[in-house]
>>> print(open('my_file.csv').read())   # CSV, C-alpha atoms and all ligand atoms
chain,number,residue,atom,x,y,z
P,1,MET,CA,0.0,0.0,0.0
P,2,PRO,CA,1.3,3.5,-0.8
P,3,HIS,CA,2.7,5.4,2.2
P,4,PRO,CA,2.1,9.1,2.8
P,5,SER,CA,4.9,11.7,2.9
P,6,PRO,CA,6.8,11.8,6.3
P,7,GLU,CA,4.8,14.9,7.3
P,8,ALA,CA,1.3,13.6,6.6
P,9,PRO,CA,-0.5,11.9,9.5
P,10,LEU,CA,-0.4,8.1,9.2
P,11,PRO,CA,-3.7,6.6,8.0
P,12,VAL,CA,-5.3,4.7,10.9
P,13,HIS,CA,-7.7,1.9,9.8
P,14,THR,CA,-10.5,1.4,12.2
P,15,ARG,CA,-12.2,-2.0,12.8
P,16,ALA,CA,-9.7,-3.7,10.5
P,17,SER,CA,-10.1,-7.4,9.8
P,18,LEU,CA,-7.2,-9.5,11.0
P,19,ARG,CA,-8.4,-12.7,9.3
P,20,GLU,CA,-6.1,-12.3,6.3
P,21,HIS,CA,-3.3,-11.3,8.6
P,22,ASN,CA,-3.0,-14.5,10.6
P,23,SER,CA,-2.0,-17.9,9.2
P,24,PHE,CA,-4.7,-19.8,11.3
P,25,GLY,CA,-7.3,-17.8,9.3
P,26,LEU,CA,-9.1,-16.9,12.6
P,27,ARG,CA,-11.7,-14.1,12.5
P,28,ALA,CA,-10.8,-11.1,14.6
P,29,VAL,CA,-11.0,-7.4,14.3
P,30,ALA,CA,-8.4,-4.8,15.3
P,31,ALA,CA,-9.9,-1.7,16.9
P,32,ARG,CA,-7.3,0.3,15.0
P,33,LEU,CA,-4.4,-0.7,12.7
P,34,VAL,CA,-1.5,1.3,11.1
P,35,HIS,CA,1.0,0.1,8.6
P,36,VAL,CA,4.5,1.2,9.5
P,37,ALA,CA,7.0,1.3,6.6
P,38,SER,CA,10.0,2.9,8.2
P,39,GLU,CA,11.6,3.7,11.6
P,40,ALA,CA,10.2,7.2,11.1
P,41,ASP,CA,6.7,5.8,10.9
P,42,VAL,CA,7.1,4.0,14.2
P,43,ARG,CA,8.4,7.2,15.8
P,44,ARG,CA,5.4,9.2,14.3
P,45,VAL,CA,3.1,6.7,16.1
P,46,VAL,CA,5.1,7.0,19.4
P,47,ASP,CA,5.1,10.9,19.2
P,48,HIS,CA,1.5,11.2,18.3
P,49,PRO,CA,-0.4,12.8,21.2
P,50,GLU,CA,-3.1,10.1,21.2
P,51,LEU,CA,-1.7,7.1,19.4
P,52,GLY,CA,1.5,7.3,21.4
P,53,ARG,CA,-0.4,6.5,24.6
P,54,ALA,CA,-2.6,3.7,23.2
P,55,PRO,CA,-1.7,0.1,24.0
P,56,LYS,CA,0.0,-1.5,21.0
P,57,PHE,CA,0.3,-4.9,19.4
P,58,ILE,CA,3.1,-5.6,16.9
P,59,LEU,CA,2.1,-7.7,13.9
P,60,GLY,CA,4.4,-9.3,11.3
P,61,GLY,CA,3.0,-12.1,9.1
P,62,GLY,CA,0.7,-13.4,11.8
P,63,SER,CA,2.1,-17.0,11.5
P,64,ASN,CA,2.8,-17.4,15.2
P,65,ILE,CA,-0.3,-16.0,16.9
P,66,VAL,CA,-3.7,-17.4,17.9
P,67,LEU,CA,-6.3,-14.7,18.0
P,68,THR,CA,-8.9,-15.7,20.6
P,69,ARG,CA,-10.7,-12.3,20.5
P,70,ASP,CA,-10.8,-8.9,18.9
P,71,VAL,CA,-7.7,-6.8,19.5
P,72,ASP,CA,-8.4,-3.6,21.4
P,73,ALA,CA,-4.8,-2.4,21.1
P,74,LEU,CA,-3.5,-0.3,18.2
P,75,VAL,CA,-2.0,-2.9,15.8
P,76,LEU,CA,1.3,-1.9,14.2
P,77,LYS,CA,1.6,-3.9,11.0
P,78,VAL,CA,5.4,-3.9,10.3
P,79,GLU,CA,6.2,-3.4,6.6
P,80,ILE,CA,9.8,-2.1,6.7
P,81,MET,CA,11.4,-3.3,3.5
P,82,GLY,CA,14.9,-3.6,2.0
P,83,ARG,CA,17.7,-6.1,1.8
P,84,ARG,CA,21.4,-5.3,1.3
P,85,LEU,CA,24.9,-6.7,1.7
P,86,LEU,CA,26.6,-4.6,4.4
P,87,GLU,CA,30.0,-6.2,4.3
P,88,GLU,CA,31.9,-8.9,2.6
P,89,ARG,CA,34.8,-10.4,4.5
P,90,PRO,CA,37.1,-13.4,3.9
P,91,ASP,CA,35.3,-15.1,6.8
P,92,GLY,CA,31.7,-14.3,5.7
P,93,TRP,CA,29.0,-12.0,4.6
P,94,LEU,CA,27.0,-9.5,6.7
P,95,ILE,CA,23.5,-8.8,5.4
P,96,GLU,CA,20.8,-6.4,6.6
P,97,VAL,CA,17.1,-7.0,6.1
P,98,GLY,CA,14.1,-4.8,6.8
P,99,ALA,CA,11.7,-6.4,9.4
P,100,GLY,CA,8.8,-6.5,6.9
P,101,GLU,CA,10.6,-8.7,4.4
P,102,SER,CA,9.4,-12.3,4.2
P,103,TRP,CA,11.8,-14.6,6.0
P,104,HIS,CA,11.7,-17.3,3.3
P,105,GLY,CA,12.3,-14.5,0.7
P,106,THR,CA,15.4,-13.5,2.7
P,107,VAL,CA,16.7,-17.1,2.7
P,108,ALA,CA,16.2,-17.4,-1.1
P,109,TRP,CA,17.7,-13.9,-1.8
P,110,ALA,CA,20.8,-14.7,0.2
P,111,LEU,CA,21.3,-18.0,-1.5
P,112,ASP,CA,20.7,-16.5,-5.0
P,113,ASN,CA,23.4,-13.9,-4.3
P,114,GLY,CA,25.9,-16.6,-3.3
P,115,TRP,CA,25.7,-16.0,0.5
P,116,PRO,CA,24.7,-19.5,1.8
P,117,GLY,CA,24.1,-20.4,5.5
P,118,LEU,CA,20.3,-19.8,6.0
P,119,GLU,CA,19.1,-22.7,3.8
P,120,ASN,CA,18.1,-25.0,6.7
P,121,LEU,CA,15.6,-22.3,7.7
P,122,ALA,CA,13.9,-22.2,4.3
P,123,LEU,CA,10.1,-22.0,4.0
P,124,ILE,CA,9.5,-20.9,7.6
P,125,PRO,CA,6.6,-18.5,7.2
P,126,GLY,CA,6.5,-14.9,8.5
P,127,SER,CA,8.6,-11.8,8.5
P,128,THR,CA,12.3,-11.3,9.0
P,129,GLY,CA,11.6,-9.0,11.9
P,130,ALA,CA,9.8,-11.7,13.9
P,131,ALA,CA,12.5,-14.3,13.3
P,132,PRO,CA,14.6,-13.2,16.4
P,133,VAL,CA,11.4,-13.0,18.6
P,134,GLN,CA,11.2,-16.7,19.1
P,135,ASN,CA,14.7,-17.5,17.7
P,136,ILE,CA,13.2,-19.5,14.9
P,137,GLY,CA,14.8,-22.8,14.2
P,138,ALA,CA,14.6,-25.9,12.0
P,139,TYR,CA,16.7,-28.8,10.8
P,140,GLY,CA,19.6,-28.2,13.1
P,141,VAL,CA,19.9,-24.4,12.7
P,142,GLU,CA,18.5,-21.6,14.8
P,143,LEU,CA,18.4,-17.9,14.0
P,144,LYS,CA,20.9,-17.3,16.8
P,145,ASP,CA,23.5,-19.3,14.8
P,146,ARG,CA,23.4,-16.7,12.0
P,147,PHE,CA,22.4,-13.6,13.9
P,148,HIS,CA,24.6,-10.5,14.1
P,149,SER,CA,22.5,-7.7,15.6
P,150,LEU,CA,19.2,-5.8,15.2
P,151,ASP,CA,17.7,-2.4,15.4
P,152,ALA,CA,14.5,-1.8,17.3
P,153,VAL,CA,12.4,1.3,18.1
P,154,ASP,CA,11.3,1.7,21.7
P,155,LEU,CA,7.6,2.2,21.8
P,156,VAL,CA,7.8,4.6,24.8
P,157,THR,CA,10.7,6.8,24.0
P,158,GLY,CA,10.8,6.4,20.2
P,159,ARG,CA,14.5,5.9,20.4
P,160,THR,CA,16.3,3.4,18.1
P,161,VAL,CA,18.4,0.9,20.0
P,162,THR,CA,20.9,-1.7,18.6
P,163,LEU,CA,20.9,-5.1,20.2
P,164,ASP,CA,23.8,-7.5,19.7
P,165,HIS,CA,23.7,-11.3,20.2
P,166,ALA,CA,24.1,-11.2,24.0
P,167,ALA,CA,21.5,-8.5,24.5
P,168,CYS,CA,18.9,-10.6,22.6
P,169,ARG,CA,19.3,-13.5,25.2
P,170,PHE,CA,18.3,-16.2,22.7
P,171,GLY,CA,17.0,-19.5,24.0
P,172,TYR,CA,15.0,-22.4,22.6
P,173,ARG,CA,12.1,-20.6,20.9
P,174,ASP,CA,12.8,-17.6,23.1
P,175,SER,CA,14.5,-14.2,23.3
P,176,VAL,CA,14.3,-11.0,25.2
P,177,PHE,CA,11.4,-10.1,22.9
P,178,LYS,CA,9.3,-12.8,24.5
P,179,GLN,CA,10.4,-11.8,27.9
P,180,HIS,CA,10.9,-8.3,29.3
P,181,LEU,CA,10.8,-6.5,25.9
P,182,ALA,CA,7.6,-8.3,24.8
P,183,GLY,CA,5.4,-5.8,23.0
P,184,LYS,CA,7.7,-2.9,24.0
P,185,SER,CA,10.0,-2.5,21.0
P,186,VAL,CA,9.5,-2.8,17.3
P,187,ILE,CA,12.3,-4.7,15.5
P,188,THR,CA,13.0,-2.7,12.4
P,189,ARG,CA,16.1,-4.2,10.9
P,190,VAL,CA,17.9,-7.5,11.3
P,191,ARG,CA,21.6,-8.2,10.5
P,192,LEU,CA,22.6,-11.7,9.7
P,193,TRP,CA,26.0,-13.2,9.4
P,194,CYS,CA,26.6,-16.0,6.9
P,195,PRO,CA,30.1,-17.5,7.6
P,196,ARG,CA,32.5,-18.8,5.1
P,197,PRO,CA,33.7,-21.3,4.1
P,198,TRP,CA,30.2,-22.6,4.1
P,199,GLN,CA,29.6,-25.7,6.2
P,200,PRO,CA,26.5,-27.8,5.6
P,201,VAL,CA,24.4,-28.7,8.7
P,202,LEU,CA,23.1,-32.2,7.9
P,203,GLY,CA,22.8,-33.9,11.2
P,204,TYR,CA,19.0,-33.9,11.2
P,205,LEU,CA,17.3,-37.2,10.6
P,206,ASP,CA,15.2,-36.1,7.6
P,207,LEU,CA,18.3,-34.7,5.9
P,208,GLU,CA,20.2,-37.8,6.6
P,209,ARG,CA,17.4,-39.7,4.9
P,210,LYS,CA,17.6,-37.4,1.9
P,211,MET,CA,21.4,-38.1,1.6
P,212,ALA,CA,20.7,-41.9,1.8
P,213,GLU,CA,17.8,-41.7,-0.8
P,214,THR,CA,19.8,-39.6,-3.3
P,215,GLY,CA,23.2,-41.0,-2.7
P,216,ASN,CA,24.4,-37.4,-2.4
P,217,ARG,CA,26.6,-37.2,0.7
P,218,SER,CA,28.0,-33.7,0.1
P,219,PRO,CA,25.1,-31.6,-1.1
P,220,ASP,CA,25.7,-27.9,-1.9
P,221,ALA,CA,23.6,-25.2,-0.2
P,222,ARG,CA,21.1,-25.1,-3.0
P,223,THR,CA,20.5,-28.8,-2.7
P,224,VAL,CA,20.0,-28.5,1.1
P,225,PHE,CA,17.5,-25.6,0.4
P,226,ASP,CA,15.6,-27.8,-2.0
P,227,TRP,CA,15.6,-30.8,0.4
P,228,VAL,CA,14.4,-28.7,3.3
P,229,CYS,CA,11.6,-27.2,1.1
P,230,ALA,CA,10.6,-30.7,-0.1
P,231,ILE,CA,10.6,-32.2,3.4
P,232,ARG,CA,8.5,-29.3,4.8
P,233,ARG,CA,6.0,-29.4,1.9
P,234,ALA,CA,5.5,-33.1,2.5
P,235,LYS,CA,5.1,-32.8,6.3
P,236,LEU,CA,3.4,-29.4,7.1
P,237,PRO,CA,0.1,-28.0,5.9
P,238,ASP,CA,0.3,-24.9,3.7
P,239,PRO,CA,-1.4,-22.1,5.7
P,240,ALA,CA,-2.9,-20.8,2.4
P,241,VAL,CA,-4.9,-24.0,2.2
P,242,VAL,CA,-5.3,-25.2,5.9
P,243,GLY,CA,-5.0,-22.6,8.6
P,244,ASN,CA,-2.3,-23.3,11.2
P,245,ALA,CA,0.6,-21.8,13.1
P,246,GLY,CA,3.2,-24.6,12.6
P,247,SER,CA,4.3,-26.4,15.7
P,248,PHE,CA,1.8,-25.6,18.4
P,249,PHE,CA,3.9,-26.8,21.3
P,250,LYS,CA,7.6,-26.5,22.2
P,251,ASN,CA,9.5,-29.7,22.6
P,252,PRO,CA,9.7,-30.2,26.4
P,253,VAL,CA,13.1,-30.5,28.0
P,254,VAL,CA,13.4,-32.9,31.0
P,255,THR,CA,16.2,-34.2,33.2
P,256,GLU,CA,18.0,-37.4,32.4
P,257,GLU,CA,16.3,-39.0,35.4
P,258,GLN,CA,12.8,-38.0,34.2
P,259,CYS,CA,13.6,-39.3,30.8
P,260,ARG,CA,14.8,-42.7,32.2
P,261,ASP,CA,11.6,-43.0,34.1
P,262,ILE,CA,9.5,-42.4,31.0
P,263,ILE,CA,11.6,-44.8,28.9
P,264,GLY,CA,10.9,-47.4,31.6
P,265,ARG,CA,7.2,-47.1,30.8
P,266,ASP,CA,7.4,-46.1,27.1
P,267,PRO,CA,10.6,-47.5,25.6
P,268,GLU,CA,9.7,-46.1,22.2
P,269,ILE,CA,9.8,-42.4,23.2
P,270,VAL,CA,11.6,-40.1,20.8
P,271,HIS,CA,14.3,-38.2,22.8
P,272,TYR,CA,17.4,-36.2,22.1
P,273,PRO,CA,20.2,-35.9,24.7
P,274,MET,CA,21.3,-32.2,25.0
P,275,PRO,CA,24.9,-31.0,25.5
P,276,ASP,CA,24.0,-29.8,29.1
P,277,GLY,CA,22.9,-33.3,30.2
P,278,SER,CA,19.1,-32.5,29.8
P,279,VAL,CA,17.0,-34.4,27.3
P,280,LYS,CA,14.6,-32.9,24.7
P,281,LEU,CA,11.5,-34.9,24.0
P,282,ALA,CA,9.5,-34.8,20.8
P,283,ALA,CA,6.2,-33.1,21.7
P,284,GLY,CA,4.6,-34.5,18.5
P,285,TRP,CA,5.4,-38.0,19.6
P,286,LEU,CA,3.9,-37.4,23.1
P,287,ILE,CA,0.7,-36.0,21.5
P,288,ASP,CA,0.5,-38.9,19.0
P,289,ALA,CA,1.0,-41.4,21.8
P,290,CYS,CA,-2.1,-40.0,23.5
P,291,GLY,CA,-4.1,-40.7,20.4
P,292,TRP,CA,-4.7,-37.2,19.2
P,293,LYS,CA,-3.5,-37.4,15.6
P,294,GLY,CA,-6.4,-36.5,13.2
P,295,LYS,CA,-8.8,-35.8,16.1
P,296,SER,CA,-10.9,-32.6,16.4
P,297,VAL,CA,-12.5,-30.4,19.0
P,298,GLY,CA,-15.2,-28.4,17.3
P,299,ARG,CA,-13.7,-27.0,14.1
P,300,ALA,CA,-10.1,-27.2,15.4
P,301,GLY,CA,-8.1,-30.3,14.8
P,302,VAL,CA,-4.8,-32.1,15.0
P,303,TYR,CA,-3.1,-32.5,11.6
P,304,GLU,CA,-3.2,-36.0,10.3
P,305,LYS,CA,0.4,-36.1,9.2
P,306,GLN,CA,2.0,-34.3,12.2
P,307,ALA,CA,0.4,-34.3,15.7
P,308,LEU,CA,2.4,-31.2,16.7
P,309,VAL,CA,0.4,-29.0,14.3
P,310,LEU,CA,-3.1,-27.9,15.2
P,311,VAL,CA,-5.2,-26.8,12.2
P,312,ASN,CA,-8.3,-24.8,11.4
P,313,ARG,CA,-10.7,-27.3,9.8
P,314,GLY,CA,-12.8,-24.4,8.5
P,315,GLY,CA,-14.4,-21.5,10.4
P,316,ALA,CA,-12.7,-22.4,13.7
P,317,THR,CA,-12.5,-19.8,16.4
P,318,GLY,CA,-9.4,-19.0,18.5
P,319,ALA,CA,-11.3,-20.3,21.5
P,320,GLU,CA,-11.8,-23.7,19.8
P,321,VAL,CA,-8.1,-23.9,19.1
P,322,VAL,CA,-7.2,-23.1,22.7
P,323,THR,CA,-9.8,-25.6,24.0
P,324,LEU,CA,-8.2,-28.3,21.8
P,325,ALA,CA,-4.7,-27.2,23.0
P,326,ARG,CA,-5.7,-27.5,26.7
P,327,ALA,CA,-7.3,-30.9,26.1
P,328,ILE,CA,-4.0,-32.1,24.6
P,329,GLN,CA,-2.0,-30.6,27.4
P,330,GLU,CA,-4.1,-32.4,30.0
P,331,SER,CA,-3.9,-35.8,28.4
P,332,VAL,CA,-0.1,-35.5,27.9
P,333,TYR,CA,0.3,-34.4,31.5
P,334,GLY,CA,-2.0,-37.2,32.7
P,335,ARG,CA,0.0,-39.9,30.8
P,336,PHE,CA,3.6,-38.6,31.0
P,337,GLY,CA,3.5,-35.9,33.8
P,338,ILE,CA,4.9,-33.4,31.3
P,339,ARG,CA,3.4,-29.9,30.8
P,340,LEU,CA,3.5,-28.9,27.1
P,341,GLU,CA,4.0,-25.2,26.6
P,342,PRO,CA,2.4,-23.5,23.5
P,343,GLU,CA,4.8,-22.0,21.0
P,344,PRO,CA,2.5,-19.3,19.4
P,345,ILE,CA,1.5,-16.2,21.2
P,346,ILE,CA,-2.1,-16.5,22.4
P,347,VAL,CA,-3.8,-13.1,22.0
C,1,LIG,C1,3.4,-23.8,8.5
C,1,LIG,C2,4.2,-23.1,9.5
C,1,LIG,C3,5.5,-23.6,9.8
C,1,LIG,C4,6.3,-23.0,10.8
C,1,LIG,N1,7.5,-23.6,11.0
C,1,LIG,C5,8.4,-23.0,11.9
C,1,LIG,C6,9.7,-23.6,12.1
C,1,LIG,O1,10.1,-24.5,11.5
C,1,LIG,N2,10.4,-23.0,13.1
C,1,LIG,C7,10.0,-21.9,13.8
C,1,LIG,O2,10.8,-21.5,14.7
C,1,LIG,N3,8.8,-21.4,13.6
C,1,LIG,C8,7.9,-21.9,12.7
C,1,LIG,N4,6.7,-21.4,12.5
C,1,LIG,C9,6.3,-20.2,13.3
C,1,LIG,C10,6.4,-18.8,12.6
C,1,LIG,O3,6.6,-19.0,11.2
C,1,LIG,C11,7.6,-18.1,13.2
C,1,LIG,O4,7.5,-17.9,14.5
C,1,LIG,C12,7.8,-16.7,12.5
C,1,LIG,O5,9.0,-16.1,12.9
C,1,LIG,C13,6.6,-15.7,12.9
C,1,LIG,O6,6.7,-14.6,12.1
C,1,LIG,P1,5.5,-13.6,11.8
C,1,LIG,O7,6.1,-12.4,11.1
C,1,LIG,O8,4.4,-14.3,11.2
C,1,LIG,O9,5.2,-13.2,13.3
C,1,LIG,P2,3.8,-12.8,14.0
C,1,LIG,O10,3.0,-14.1,14.1
C,1,LIG,O11,3.2,-11.7,13.3
C,1,LIG,O12,4.2,-12.4,15.4
C,1,LIG,C14,4.8,-13.3,16.3
C,1,LIG,C15,5.3,-12.6,17.6
C,1,LIG,O13,6.3,-11.7,17.3
C,1,LIG,C16,6.0,-10.3,17.5
C,1,LIG,N5,6.6,-9.5,16.4
C,1,LIG,C17,6.3,-9.7,15.1
C,1,LIG,N6,7.0,-8.8,14.4
C,1,LIG,C18,7.7,-8.1,15.2
C,1,LIG,C19,8.7,-7.0,15.1
C,1,LIG,N7,9.0,-6.5,13.9
C,1,LIG,N8,9.2,-6.5,16.3
C,1,LIG,C20,8.9,-6.9,17.5
C,1,LIG,N9,8.0,-8.0,17.7
C,1,LIG,C21,7.5,-8.5,16.6
C,1,LIG,C22,4.5,-10.3,17.6
C,1,LIG,O14,4.1,-9.2,18.4
C,1,LIG,C23,4.2,-11.6,18.2
C,1,LIG,O15,4.4,-11.6,19.6
C,1,LIG,C24,5.8,-21.9,11.5
C,1,LIG,C25,4.6,-21.4,11.2
C,1,LIG,C26,3.8,-22.0,10.3
C,1,LIG,C27,2.4,-21.4,10.0
>>> encode(input="my_file.csv", output="structure tokens")
Amino acid sequence: MPHPSPEAPLPVHTRASLREHNSFGLRAVAARLVHVASEADVRRVVDHPELGRAPKFILGGGSNIVLTRDVDALVLKVEIMGRRLLEERPDGWLIEVGAGESWHGTVAWALDNGWPGLENLALIPGSTGAAPVQNIGAYGVELKDRFHSLDAVDLVTGRTVTLDHAACRFGYRDSVFKQHLAGKSVITRVRLWCPRPWQPVLGYLDLERKMAETGNRSPDARTVFDWVCAIRRAKLPDPAVVGNAGSFFKNPVVTEEQCRDIIGRDPEIVHYPMPDGSVKLAAGWLIDACGWKGKSVGRAGVYEKQALVLVNRGGATGAEVVTLARAIQESVYGRFGIRLEPEPIIV
């Protein structure tokens, strides 16, 4: 959408539908919504005598939220664009991307330009600005492994701050933006570091299978990108066809002792020992073991091919999705004594 000159007031859309702005396809209305296309736009909102004081909700691509109600806050739809190479060094490439750019587009753009390193994160929906929020991860790589720094505008002071790796406090599907900075700063630009020489990350089971199937044991970055896209397309529902938010629960991390106890009862349990001695369990396996795959509660259901993904079977409400999620949490807790934590933000 065209943006006004820097001096003109930002157009505020009232009673804006959010249905096409969330990948679950849930019906909800924002009391007010503004599109922000630059740092200056964010500051204009902050400095505005009335908008500045209003509670705010920051929205990227809406692929990690569950809207259970209308949103009273002022929704800031982040549309800050632009991608560029900042620096080329013998040991890597530093790139800078506007928060509104699609994440998958960023991965493809970097690869097309000969700057590999992001390919394991291909096809993750959503915006580049949201990628640090939950430290997106897939197929053995997390955003934090390629992150350099970011700029964010503080929603109270309007000041731009730069956060480096340490300041973001990345964890498993976690960062400072899900903790004390949640909803307080708009990420405007993200800088990523693609190290060279490029080293493939192929330890993930699905990628090992691809190597075995194709007989290609030293794929290039383009091949890894194609494999990741193919694996994801076969496993995950396309939100354009079936509403969903990807993995609905985080993989729980338990102590070695807890894991041994569960293995005693369920020897088949899928588990991954972690470097710190803890053990990560596959939430999808736990849900499947409780018999949820393919089941529904109202118009919300558990995806037939992957029990970790909850789907909108058509016209579901956010409340139905949350009711289904709670029922799953209760049965997993009842059987395994493990509390599953939702990954998306419940609004
Ligand atoms: C089919 C499917 C597959 C998925 N696969 C994966 C996967 O493999 N790995 C993974 O980690 N995730 C996955 N996801 C989840 C999702 O794609 C990511 O979390 C993504 O980063 C969300 O981006 P978004 O722009 O849609 O964020 P939104 O859903 O719009 O927002 C998510 C949160 O980030 C905040 N936020 C958004 N933009 C900004 C900003 N610019 N500044 C500050 N805060 C902001 C929002 O307020 C909200 O709290 C998947 C989702 C789907 C639908």
>>> residues_near_ligand(input="my_file.csv", ligand="ligand LIG 1 (chain C)", cutoff="6 Å", atoms="only C-alpha atoms and all ligand atoms", output="PyMOL selection string")
chain P and resi 23+57-65+78+99+124-127+129-131+133+136-138+183+185-188+236-239+244-246+345
>>> atom_distance(input="my_file.csv", atom1="CA of Lys144 (chain P)", atom2="CA of Trp193 (chain P)")
9.9 Å
>>> residues_around(input="my_file.csv", residues="Arg217 (chain P)", least_positions_apart="2", cutoff="12 Å", atoms="only C-alpha atoms", output="MDAnalysis selection string")
chainID P and resid 200:203 207:215 219:220 223:224
>>> closest_residue(input="my_file.csv", among="P:Cys290, P:Val153, P:Val302, P:Val36", to="Ile80 (chain P)", atoms="only C-alpha atoms")
P:Val36
>>> closest_residue(input="my_file.csv", among="P:Val321, P:Ala166, P:Ala37, P:Val46", to="Gly82 (chain P)", atoms="only C-alpha atoms")
P:Ala37
>>> atom_distance(input="my_file.csv", atom1="CA of Val12 (chain P)", atom2="CA of Val75 (chain P)")
9.6 Å
>>> residues_around(input="my_file.csv", residues="Arg19 (chain P)", least_positions_apart="6", cutoff="12 Å", atoms="all atoms listed in the file", output="mmCIF file with C-alpha atoms, keeping the file's coordinate frame")
data_model
loop_
_atom_site.group_PDB
_atom_site.id
_atom_site.type_symbol
_atom_site.label_atom_id
_atom_site.label_comp_id
_atom_site.auth_asym_id
_atom_site.auth_seq_id
_atom_site.Cartn_x
_atom_site.Cartn_y
_atom_site.Cartn_z
ATOM 1 C CA GLY P 25 -7.300 -17.800 9.300
ATOM 2 C CA LEU P 26 -9.100 -16.900 12.600
ATOM 3 C CA ARG P 27 -11.700 -14.100 12.500
ATOM 4 C CA ALA P 28 -10.800 -11.100 14.600
ATOM 5 C CA VAL P 29 -11.000 -7.400 14.300
ATOM 6 C CA ALA P 30 -8.400 -4.800 15.300
ATOM 7 C CA GLY P 61 3.000 -12.100 9.100
ATOM 8 C CA GLY P 62 0.700 -13.400 11.800
ATOM 9 C CA SER P 63 2.100 -17.000 11.500
ATOM 10 C CA ILE P 65 -0.300 -16.000 16.900
ATOM 11 C CA VAL P 66 -3.700 -17.400 17.900
ATOM 12 C CA LEU P 67 -6.300 -14.700 18.000
ATOM 13 C CA THR P 68 -8.900 -15.700 20.600
ATOM 14 C CA ARG P 69 -10.700 -12.300 20.500
ATOM 15 C CA ASP P 70 -10.800 -8.900 18.900
ATOM 16 C CA VAL P 71 -7.700 -6.800 19.500
ATOM 17 C CA ALA P 240 -2.900 -20.800 2.400
ATOM 18 C CA GLY P 243 -5.000 -22.600 8.600
ATOM 19 C CA GLY P 315 -14.400 -21.500 10.400
ATOM 20 C CA ALA P 316 -12.700 -22.400 13.700
ATOM 21 C CA THR P 317 -12.500 -19.800 16.400
ATOM 22 C CA GLY P 318 -9.400 -19.000 18.500
#
>>> atom_distance(input="my_file.csv", atom1="CA of Lys250 (chain P)", atom2="CA of Gly277 (chain P)")
18.6 Å
>>> closest_residue(input="my_file.csv", among="P:Asp72, P:Asp47, P:Asp151, P:Asp112", to="Ala16 (chain P)", atoms="all atoms listed in the file")
P:Asp72
>>> residues_around(input="my_file.csv", residues="Leu324 (chain P)", least_positions_apart="2", cutoff="9 Å", atoms="all atoms listed in the file", output="NGL selection string")
:P and (296-298 or 300-302 or 310 or 319-322 or 326-329)
>>> residues_around(input="my_file.csv", residues="Glu341 (chain P)", least_positions_apart="4", cutoff="12 Å", atoms="all atoms listed in the file", output="MDAnalysis selection string")
chainID P and resid 173 247:253 283 308 325:326 328:330 332:333 345:346
>>> residues_around(input="my_file.csv", residues="Leu74 (chain P)", least_positions_apart="6", cutoff="9 Å", atoms="all atoms listed in the file", output="PyMOL selection string")
chain P and resi 30-34+51+54-58
>>> closest_residue(input="my_file.csv", among="P:Asp41, P:Glu50, P:Glu96, P:Glu343", to="Leu76 (chain P)", atoms="all atoms listed in the file")
P:Asp41
>>> closest_residue(input="my_file.csv", among="P:Gly114, P:Lys280, P:Asp174, P:Trp109", to="Glu142 (chain P)", atoms="all atoms listed in the file")
P:Asp174
